[in-house]
>>> print(open('work.cif').read())   # mmCIF, N, CA and C atoms and all ligand atoms
data_query
loop_
_atom_site.label_atom_id
_atom_site.label_comp_id
_atom_site.auth_asym_id
_atom_site.auth_seq_id
_atom_site.Cartn_x
_atom_site.Cartn_y
_atom_site.Cartn_z
N MET D 497 25.15 -6.82 1.82
CA MET D 497 24.84 -5.49 2.34
C MET D 497 23.96 -5.61 3.59
N LYS D 498 24.41 -4.99 4.67
CA LYS D 498 23.65 -5.11 5.91
C LYS D 498 22.78 -3.88 6.11
N ILE D 499 21.51 -4.11 6.34
CA ILE D 499 20.61 -2.98 6.58
C ILE D 499 20.57 -2.68 8.06
N GLU D 500 20.84 -1.40 8.38
CA GLU D 500 20.86 -1.00 9.79
C GLU D 500 19.48 -0.52 10.21
N LYS D 501 19.02 -1.04 11.34
CA LYS D 501 17.70 -0.66 11.85
C LYS D 501 17.82 -0.10 13.25
N PHE D 502 16.92 0.80 13.58
CA PHE D 502 16.88 1.38 14.92
C PHE D 502 15.54 1.03 15.55
N PHE D 503 15.61 0.65 16.79
CA PHE D 503 14.38 0.33 17.53
C PHE D 503 13.98 1.53 18.38
N PHE D 504 12.76 1.96 18.24
CA PHE D 504 12.23 3.07 19.04
C PHE D 504 11.22 2.48 20.03
N GLU D 505 11.54 2.65 21.28
CA GLU D 505 10.71 2.04 22.35
C GLU D 505 9.27 2.56 22.30
N PRO D 506 8.29 1.67 22.07
CA PRO D 506 6.91 2.15 22.15
C PRO D 506 6.46 2.26 23.61
N HIS D 507 5.88 3.38 23.96
CA HIS D 507 5.36 3.57 25.31
C HIS D 507 3.88 3.26 25.27
N GLY D 508 3.57 2.00 25.47
CA GLY D 508 2.19 1.57 25.31
C GLY D 508 1.47 1.44 26.64
N ASP D 509 0.19 1.72 26.62
CA ASP D 509 -0.67 1.42 27.76
C ASP D 509 -2.07 1.14 27.22
N TYR D 510 -3.05 1.13 28.07
CA TYR D 510 -4.40 0.75 27.63
C TYR D 510 -4.95 1.70 26.56
N ARG D 511 -4.33 2.91 26.42
CA ARG D 511 -4.83 3.88 25.43
C ARG D 511 -4.26 3.64 24.05
N GLY D 512 -3.14 2.87 24.00
CA GLY D 512 -2.48 2.66 22.71
C GLY D 512 -0.99 2.91 22.83
N GLN D 513 -0.35 3.26 21.71
CA GLN D 513 1.10 3.35 21.67
C GLN D 513 1.58 4.77 21.38
N LEU D 514 2.76 5.08 21.89
CA LEU D 514 3.39 6.36 21.60
C LEU D 514 4.89 6.11 21.43
N VAL D 515 5.45 6.62 20.33
CA VAL D 515 6.89 6.49 20.09
C VAL D 515 7.50 7.89 20.02
N ALA D 516 8.60 8.10 20.74
CA ALA D 516 9.32 9.37 20.68
C ALA D 516 10.68 9.14 20.02
N ILE D 517 11.05 10.03 19.11
CA ILE D 517 12.37 9.95 18.48
C ILE D 517 13.09 11.24 18.82
N GLU D 518 14.22 11.12 19.49
CA GLU D 518 14.92 12.31 19.96
C GLU D 518 16.23 12.52 19.22
N ASN D 519 16.47 13.79 18.93
CA ASN D 519 17.69 14.17 18.23
C ASN D 519 18.92 13.71 19.02
N GLU D 520 19.90 13.15 18.27
CA GLU D 520 21.20 12.72 18.81
C GLU D 520 21.10 11.47 19.68
N LYS D 521 19.91 11.13 20.18
CA LYS D 521 19.80 9.95 21.04
C LYS D 521 19.36 8.73 20.24
N SER D 522 18.39 8.94 19.35
CA SER D 522 17.73 7.81 18.70
C SER D 522 18.37 7.40 17.39
N ILE D 523 18.94 8.35 16.66
CA ILE D 523 19.52 8.06 15.34
C ILE D 523 20.85 8.81 15.19
N PRO D 524 21.70 8.37 14.24
CA PRO D 524 23.09 8.87 14.24
C PRO D 524 23.33 10.18 13.48
N PHE D 525 22.33 11.05 13.39
CA PHE D 525 22.59 12.37 12.80
C PHE D 525 21.60 13.37 13.37
N ASP D 526 21.92 14.64 13.20
CA ASP D 526 21.01 15.71 13.60
C ASP D 526 19.85 15.76 12.62
N ILE D 527 18.65 15.78 13.12
CA ILE D 527 17.48 15.81 12.24
C ILE D 527 17.23 17.27 11.83
N LYS D 528 17.43 17.54 10.54
CA LYS D 528 17.21 18.91 10.06
C LYS D 528 15.86 19.05 9.35
N ARG D 529 15.30 17.91 8.95
CA ARG D 529 14.06 17.96 8.16
C ARG D 529 13.27 16.69 8.41
N VAL D 530 11.97 16.83 8.44
CA VAL D 530 11.07 15.68 8.55
C VAL D 530 10.04 15.81 7.44
N TYR D 531 9.81 14.74 6.70
CA TYR D 531 8.70 14.77 5.74
C TYR D 531 8.03 13.40 5.73
N TYR D 532 6.87 13.34 5.16
CA TYR D 532 6.17 12.06 5.13
C TYR D 532 5.32 11.95 3.87
N MET D 533 5.12 10.73 3.47
CA MET D 533 4.30 10.42 2.30
C MET D 533 3.03 9.76 2.78
N TYR D 534 1.93 10.16 2.25
CA TYR D 534 0.64 9.54 2.58
C TYR D 534 -0.23 9.60 1.34
N ASP D 535 -1.37 8.96 1.40
CA ASP D 535 -2.26 8.91 0.24
C ASP D 535 -1.51 8.36 -0.98
N THR D 536 -0.57 7.48 -0.74
CA THR D 536 0.18 6.88 -1.84
C THR D 536 -0.72 5.90 -2.59
N LYS D 537 -0.64 5.96 -3.89
CA LYS D 537 -1.56 5.19 -4.74
C LYS D 537 -1.05 3.77 -4.98
N GLY D 538 -1.98 2.85 -5.17
CA GLY D 538 -1.61 1.46 -5.47
C GLY D 538 -0.84 1.36 -6.78
N GLY D 539 0.13 0.48 -6.80
CA GLY D 539 0.86 0.20 -8.04
C GLY D 539 1.94 1.22 -8.39
N ILE D 540 2.12 2.24 -7.55
CA ILE D 540 3.16 3.24 -7.88
C ILE D 540 4.47 2.90 -7.15
N SER D 541 5.56 3.49 -7.62
CA SER D 541 6.81 3.40 -6.87
C SER D 541 7.39 4.80 -6.77
N ARG D 542 8.11 5.06 -5.69
CA ARG D 542 8.72 6.37 -5.45
C ARG D 542 10.21 6.19 -5.27
N GLY D 543 10.89 7.31 -5.21
CA GLY D 543 12.34 7.25 -5.02
C GLY D 543 13.02 7.23 -6.37
N HIS D 544 13.65 6.08 -6.69
CA HIS D 544 14.43 5.96 -7.93
C HIS D 544 15.50 7.05 -7.99
N HIS D 545 16.18 7.23 -6.89
CA HIS D 545 17.28 8.19 -6.86
C HIS D 545 18.22 7.84 -5.70
N ALA D 546 19.36 8.49 -5.70
CA ALA D 546 20.30 8.41 -4.57
C ALA D 546 20.66 9.84 -4.18
N HIS D 547 21.29 9.97 -3.02
CA HIS D 547 21.75 11.28 -2.57
C HIS D 547 23.26 11.27 -2.40
N ARG D 548 23.87 12.37 -2.75
CA ARG D 548 25.32 12.48 -2.58
C ARG D 548 25.69 12.54 -1.11
N ASN D 549 24.96 13.34 -0.34
CA ASN D 549 25.31 13.55 1.08
C ASN D 549 24.23 13.20 2.09
N LEU D 550 22.98 13.31 1.67
CA LEU D 550 21.87 13.18 2.61
C LEU D 550 21.78 11.79 3.23
N LYS D 551 21.58 11.76 4.54
CA LYS D 551 21.31 10.51 5.26
C LYS D 551 19.88 10.57 5.77
N GLN D 552 19.24 9.41 5.80
CA GLN D 552 17.83 9.39 6.19
C GLN D 552 17.53 8.17 7.06
N VAL D 553 16.47 8.31 7.84
CA VAL D 553 15.88 7.15 8.52
C VAL D 553 14.41 7.10 8.13
N LEU D 554 13.97 5.95 7.66
CA LEU D 554 12.58 5.77 7.22
C LEU D 554 11.81 5.02 8.29
N VAL D 555 10.63 5.53 8.61
CA VAL D 555 9.76 4.85 9.57
C VAL D 555 8.37 4.75 8.94
N CYS D 556 7.90 3.54 8.77
CA CYS D 556 6.56 3.35 8.26
C CYS D 556 5.61 3.41 9.45
N VAL D 557 5.04 4.58 9.70
CA VAL D 557 4.27 4.78 10.93
C VAL D 557 2.85 4.23 10.83
N ALA D 558 2.40 3.95 9.61
CA ALA D 558 1.10 3.29 9.43
C ALA D 558 1.14 2.52 8.12
N GLY D 559 0.50 1.37 8.09
CA GLY D 559 0.42 0.58 6.86
C GLY D 559 1.71 -0.17 6.57
N SER D 560 1.95 -0.34 5.30
CA SER D 560 3.09 -1.16 4.89
C SER D 560 3.55 -0.80 3.49
N CYS D 561 4.85 -0.90 3.26
CA CYS D 561 5.39 -0.74 1.91
C CYS D 561 6.68 -1.53 1.83
N ARG D 562 7.24 -1.60 0.64
CA ARG D 562 8.53 -2.27 0.49
C ARG D 562 9.59 -1.23 0.19
N LEU D 563 10.81 -1.53 0.61
CA LEU D 563 11.95 -0.66 0.34
C LEU D 563 13.05 -1.48 -0.29
N LEU D 564 13.46 -1.03 -1.47
CA LEU D 564 14.60 -1.67 -2.12
C LEU D 564 15.80 -0.73 -1.98
N LEU D 565 16.87 -1.24 -1.40
CA LEU D 565 18.10 -0.46 -1.24
C LEU D 565 19.20 -1.09 -2.08
N ASP D 566 19.99 -0.26 -2.71
CA ASP D 566 20.98 -0.72 -3.67
C ASP D 566 22.22 0.18 -3.49
N ASP D 567 23.36 -0.43 -3.14
CA ASP D 567 24.58 0.37 -2.95
C ASP D 567 25.45 0.37 -4.21
N GLY D 568 24.91 -0.16 -5.29
CA GLY D 568 25.66 -0.23 -6.55
C GLY D 568 26.21 -1.62 -6.80
N LYS D 569 26.42 -2.37 -5.70
CA LYS D 569 26.97 -3.72 -5.81
C LYS D 569 25.95 -4.76 -5.36
N GLU D 570 25.25 -4.45 -4.27
CA GLU D 570 24.27 -5.39 -3.72
C GLU D 570 22.92 -4.71 -3.53
N ARG D 571 21.88 -5.56 -3.50
CA ARG D 571 20.54 -5.04 -3.27
C ARG D 571 19.88 -5.78 -2.12
N GLU D 572 19.07 -5.05 -1.38
CA GLU D 572 18.24 -5.67 -0.34
C GLU D 572 16.84 -5.13 -0.50
N ASP D 573 15.87 -5.99 -0.31
CA ASP D 573 14.48 -5.59 -0.47
C ASP D 573 13.73 -6.01 0.80
N ILE D 574 13.22 -5.04 1.54
CA ILE D 574 12.59 -5.37 2.82
C ILE D 574 11.19 -4.77 2.91
N VAL D 575 10.42 -5.33 3.83
CA VAL D 575 9.09 -4.78 4.12
C VAL D 575 9.23 -3.79 5.28
N LEU D 576 8.60 -2.64 5.12
CA LEU D 576 8.51 -1.68 6.23
C LEU D 576 7.08 -1.69 6.74
N ASN D 577 6.89 -2.11 7.97
CA ASN D 577 5.52 -2.14 8.52
C ASN D 577 5.52 -2.02 10.04
N ARG D 578 6.64 -1.52 10.58
CA ARG D 578 6.72 -1.43 12.05
C ARG D 578 6.90 0.03 12.47
N PRO D 579 5.89 0.60 13.15
CA PRO D 579 5.97 2.01 13.54
C PRO D 579 7.05 2.29 14.59
N PHE D 580 7.63 1.23 15.15
CA PHE D 580 8.66 1.40 16.19
C PHE D 580 10.05 1.05 15.64
N GLU D 581 10.18 1.03 14.32
CA GLU D 581 11.47 0.65 13.73
C GLU D 581 11.86 1.65 12.64
N GLY D 582 13.10 2.13 12.71
CA GLY D 582 13.62 3.02 11.67
C GLY D 582 14.66 2.27 10.84
N VAL D 583 14.64 2.50 9.54
CA VAL D 583 15.62 1.87 8.66
C VAL D 583 16.55 2.97 8.13
N TYR D 584 17.83 2.73 8.31
CA TYR D 584 18.83 3.72 7.93
C TYR D 584 19.09 3.66 6.43
N VAL D 585 19.01 4.81 5.81
CA VAL D 585 19.36 4.90 4.38
C VAL D 585 20.52 5.90 4.28
N ASP D 586 21.69 5.35 4.13
CA ASP D 586 22.91 6.16 4.09
C ASP D 586 22.96 6.96 2.79
N ASN D 587 23.88 7.90 2.72
CA ASN D 587 24.08 8.57 1.44
C ASN D 587 24.62 7.56 0.42
N CYS D 588 24.54 7.90 -0.84
CA CYS D 588 25.01 7.02 -1.93
C CYS D 588 24.30 5.67 -1.95
N MET D 589 23.02 5.66 -1.62
CA MET D 589 22.21 4.45 -1.71
C MET D 589 21.04 4.72 -2.65
N TRP D 590 20.92 3.90 -3.68
CA TRP D 590 19.76 3.99 -4.56
C TRP D 590 18.57 3.38 -3.82
N ARG D 591 17.43 4.07 -3.82
CA ARG D 591 16.28 3.55 -3.09
C ARG D 591 15.01 3.61 -3.94
N ILE D 592 14.19 2.58 -3.75
CA ILE D 592 12.87 2.54 -4.38
C ILE D 592 11.87 2.11 -3.30
N MET D 593 10.81 2.87 -3.16
CA MET D 593 9.74 2.51 -2.23
C MET D 593 8.53 2.14 -3.07
N TYR D 594 7.88 1.02 -2.74
CA TYR D 594 6.77 0.55 -3.57
C TYR D 594 5.86 -0.37 -2.77
N ASP D 595 4.83 -0.88 -3.45
CA ASP D 595 3.87 -1.78 -2.78
C ASP D 595 3.23 -1.15 -1.54
N PHE D 596 2.84 0.09 -1.65
CA PHE D 596 2.18 0.78 -0.53
C PHE D 596 0.77 0.24 -0.36
N THR D 597 0.42 -0.15 0.84
CA THR D 597 -0.97 -0.54 1.10
C THR D 597 -1.77 0.74 1.38
N PRO D 598 -3.10 0.69 1.17
CA PRO D 598 -3.91 1.90 1.40
C PRO D 598 -3.74 2.39 2.84
N GLY D 599 -3.61 3.69 3.01
CA GLY D 599 -3.48 4.28 4.34
C GLY D 599 -2.07 4.32 4.88
N THR D 600 -1.10 3.91 4.08
CA THR D 600 0.30 3.91 4.55
C THR D 600 0.81 5.34 4.74
N VAL D 601 1.55 5.54 5.82
CA VAL D 601 2.24 6.81 6.05
C VAL D 601 3.72 6.48 6.26
N LEU D 602 4.54 7.01 5.38
CA LEU D 602 5.98 6.75 5.47
C LEU D 602 6.68 8.03 5.89
N LEU D 603 7.24 7.99 7.10
CA LEU D 603 7.90 9.15 7.70
C LEU D 603 9.39 9.09 7.39
N VAL D 604 9.96 10.24 7.05
CA VAL D 604 11.39 10.29 6.74
C VAL D 604 12.06 11.35 7.61
N LEU D 605 13.10 10.94 8.33
CA LEU D 605 13.92 11.86 9.10
C LEU D 605 15.18 12.09 8.28
N ALA D 606 15.52 13.36 8.08
CA ALA D 606 16.60 13.65 7.14
C ALA D 606 17.68 14.52 7.78
N SER D 607 18.92 14.30 7.36
CA SER D 607 20.06 14.98 7.97
C SER D 607 20.30 16.38 7.40
N GLU D 608 19.62 16.71 6.30
CA GLU D 608 19.84 18.01 5.65
C GLU D 608 18.52 18.59 5.19
N LEU D 609 18.53 19.89 4.94
CA LEU D 609 17.36 20.53 4.33
C LEU D 609 17.23 20.04 2.89
N TYR D 610 16.13 20.34 2.27
CA TYR D 610 15.88 19.89 0.90
C TYR D 610 16.85 20.60 -0.06
N GLU D 611 17.64 19.79 -0.74
CA GLU D 611 18.63 20.33 -1.69
C GLU D 611 18.54 19.55 -3.00
N PRO D 612 17.83 20.09 -4.00
CA PRO D 612 17.67 19.37 -5.28
C PRO D 612 19.02 18.96 -5.90
N GLU D 613 20.09 19.73 -5.65
CA GLU D 613 21.40 19.42 -6.26
C GLU D 613 22.03 18.17 -5.65
N ASP D 614 21.52 17.74 -4.52
CA ASP D 614 22.08 16.57 -3.84
C ASP D 614 21.59 15.25 -4.46
N TYR D 615 20.57 15.34 -5.31
CA TYR D 615 19.96 14.13 -5.88
C TYR D 615 20.76 13.61 -7.07
N ILE D 616 20.83 12.29 -7.20
CA ILE D 616 21.29 11.64 -8.44
C ILE D 616 20.09 10.85 -8.96
N TYR D 617 19.57 11.26 -10.11
CA TYR D 617 18.34 10.65 -10.64
C TYR D 617 18.62 9.59 -11.71
N ASP D 618 19.85 9.55 -12.17
CA ASP D 618 20.17 8.64 -13.26
C ASP D 618 20.94 7.44 -12.69
N TYR D 619 20.42 6.21 -12.92
CA TYR D 619 21.02 5.03 -12.30
C TYR D 619 22.46 4.81 -12.77
N ALA D 620 22.69 5.03 -14.07
CA ALA D 620 24.05 4.84 -14.61
C ALA D 620 25.02 5.85 -13.97
N GLU D 621 24.53 7.07 -13.76
CA GLU D 621 25.37 8.09 -13.11
C GLU D 621 25.66 7.71 -11.66
N PHE D 622 24.65 7.14 -11.01
CA PHE D 622 24.83 6.67 -9.62
C PHE D 622 25.92 5.61 -9.55
N LEU D 623 25.85 4.63 -10.48
CA LEU D 623 26.86 3.55 -10.47
C LEU D 623 28.26 4.12 -10.67
N LYS D 624 28.35 5.08 -11.56
CA LYS D 624 29.65 5.73 -11.82
C LYS D 624 30.12 6.48 -10.56
N TYR D 625 29.19 7.15 -9.91
CA TYR D 625 29.51 7.95 -8.72
C TYR D 625 30.06 7.08 -7.59
N VAL D 626 29.50 5.86 -7.45
CA VAL D 626 29.97 4.97 -6.37
C VAL D 626 31.06 4.01 -6.85
N GLY D 627 31.45 4.13 -8.12
CA GLY D 627 32.54 3.31 -8.64
C GLY D 627 32.16 1.87 -8.89
N ALA D 628 30.87 1.62 -9.24
CA ALA D 628 30.41 0.25 -9.49
C ALA D 628 30.34 -0.01 -11.00
N GLU D 629 30.37 -1.29 -11.35
CA GLU D 629 30.26 -1.69 -12.76
C GLU D 629 28.85 -1.40 -13.27
N PRO D 630 28.70 -1.02 -14.54
CA PRO D 630 27.36 -0.77 -15.09
C PRO D 630 26.49 -2.02 -15.08
N HIS D 631 25.25 -1.89 -14.67
CA HIS D 631 24.25 -2.96 -14.74
C HIS D 631 22.87 -2.32 -14.65
N PRO D 632 21.79 -3.05 -14.99
CA PRO D 632 20.47 -2.43 -15.01
C PRO D 632 19.89 -2.15 -13.62
N GLU D 633 19.04 -1.14 -13.53
CA GLU D 633 18.31 -0.85 -12.30
C GLU D 633 17.33 -2.00 -12.05
N ALA D 634 17.09 -2.30 -10.78
CA ALA D 634 16.16 -3.37 -10.43
C ALA D 634 14.75 -3.00 -10.88
N GLU D 635 13.98 -4.00 -11.26
CA GLU D 635 12.56 -3.77 -11.57
C GLU D 635 11.75 -4.11 -10.34
N VAL D 636 10.71 -3.31 -10.08
CA VAL D 636 9.87 -3.60 -8.92
C VAL D 636 8.43 -3.77 -9.38
P1 LIG D 701 10.01 13.42 -4.87
O1 LIG D 701 11.48 13.66 -4.74
O2 LIG D 701 9.47 13.21 -6.26
O3 LIG D 701 9.57 12.20 -3.95
P2 LIG D 701 10.10 10.68 -3.95
O4 LIG D 701 11.57 10.73 -3.63
O5 LIG D 701 9.33 10.01 -2.86
O6 LIG D 701 9.85 10.04 -5.27
O7 LIG D 701 9.25 14.64 -4.20
C1 LIG D 701 7.91 14.99 -4.51
C2 LIG D 701 7.77 16.51 -4.54
O8 LIG D 701 8.00 17.05 -3.26
C3 LIG D 701 8.74 17.17 -5.49
O9 LIG D 701 8.04 18.22 -6.14
C4 LIG D 701 9.79 17.76 -4.59
C5 LIG D 701 9.02 18.05 -3.31
N1 LIG D 701 9.82 17.95 -2.08
C6 LIG D 701 10.00 19.10 -1.33
O10 LIG D 701 9.55 20.20 -1.68
N2 LIG D 701 10.71 19.01 -0.17
C7 LIG D 701 11.21 17.84 0.28
O11 LIG D 701 11.85 17.79 1.36
C8 LIG D 701 11.02 16.65 -0.53
C9 LIG D 701 11.58 15.33 -0.10
C10 LIG D 701 10.31 16.75 -1.69
#
>>> encode(input="work.cif", output="structure tokens", more="lines below")
Ligand code: TYD
Amino acid sequence: MKIEKFFFEPHGDYRGQLVAIENEKSIPFDIKRVYYMYDTKGGISRGHHAHRNLKQVLVCVAGSCRLLLDDGKEREDIVLNRPFEGVYVDNCMWRIMYDFTPGTVLLVLASELYEPEDYIYDYAEFLKYVGAEPHPEAEV
């Protein structure tokens, strides 16, 4: 499974860095929603779900965390710690975010408004939805 990443040019000078993300130019969908996680507690994990339609790009704008992506057949586990890099999370991808360091801010650009019906919260149901053989969810 290949993880797609987007590079956002940092405009740095003696004052520090600035990154701009523009609709239709920087990522492959219209951004309809932006949300972010902060004050994440040590030892917790988030996510544990997939989306039927929603596409997202994750940017760890401060700190560091890990992202486990699972398409039902393969898994990839990466560190997110670059404020100038977006990681594409396609629809039908099981995701777990964990190992947040104190002060981490994880920004999410999303292709749709918040739709609770779009979520798949059950791993076995997710595997069935993507047509994969049953197997256990990864432990983090
Ligand atoms: P949740 O789905 O549990 O977060 P995660 O996927 O990181 O585990 O979301 C936490 C709460 O925030 C939950 O009550 C739903 C709410 N929420 C919104 O109201 N709007 C949103 O766009 C999102 C992503 C979550």
>>> residues_near_ligand(input="work.cif", ligand="ligand LIG 701 (chain D)", cutoff="8 Å", atoms="only N, CA and C atoms and all ligand atoms", output="VMD selection string")
chain D and resid 529 to 533 541 to 545 591 593 608 to 611
>>> atom_distance(input="work.cif", atom1="atom CA of Gln513 of chain D", atom2="atom CA of Thr597 of chain D")
21.0 Å
>>> closest_residue(input="work.cif", among="D:Pro579, D:Pro524, D:Gly559, D:Pro598", to="Thr536 of chain D", atoms="all atoms listed in the file")
D:Pro598
>>> residues_near_point(input="work.cif", point="(17.1, 2.1, 5.2)", cutoff="10 Å", atoms="only C-alpha atoms", output="PyMOL selection string")
chain D and resi 498-502+551-555+563-565+572-574+576+582-586+589+591
>>> atom_distance(input="work.cif", atom1="atom C of Met497 of chain D", atom2="atom CA of Tyr534 of chain D")
27.8 Å
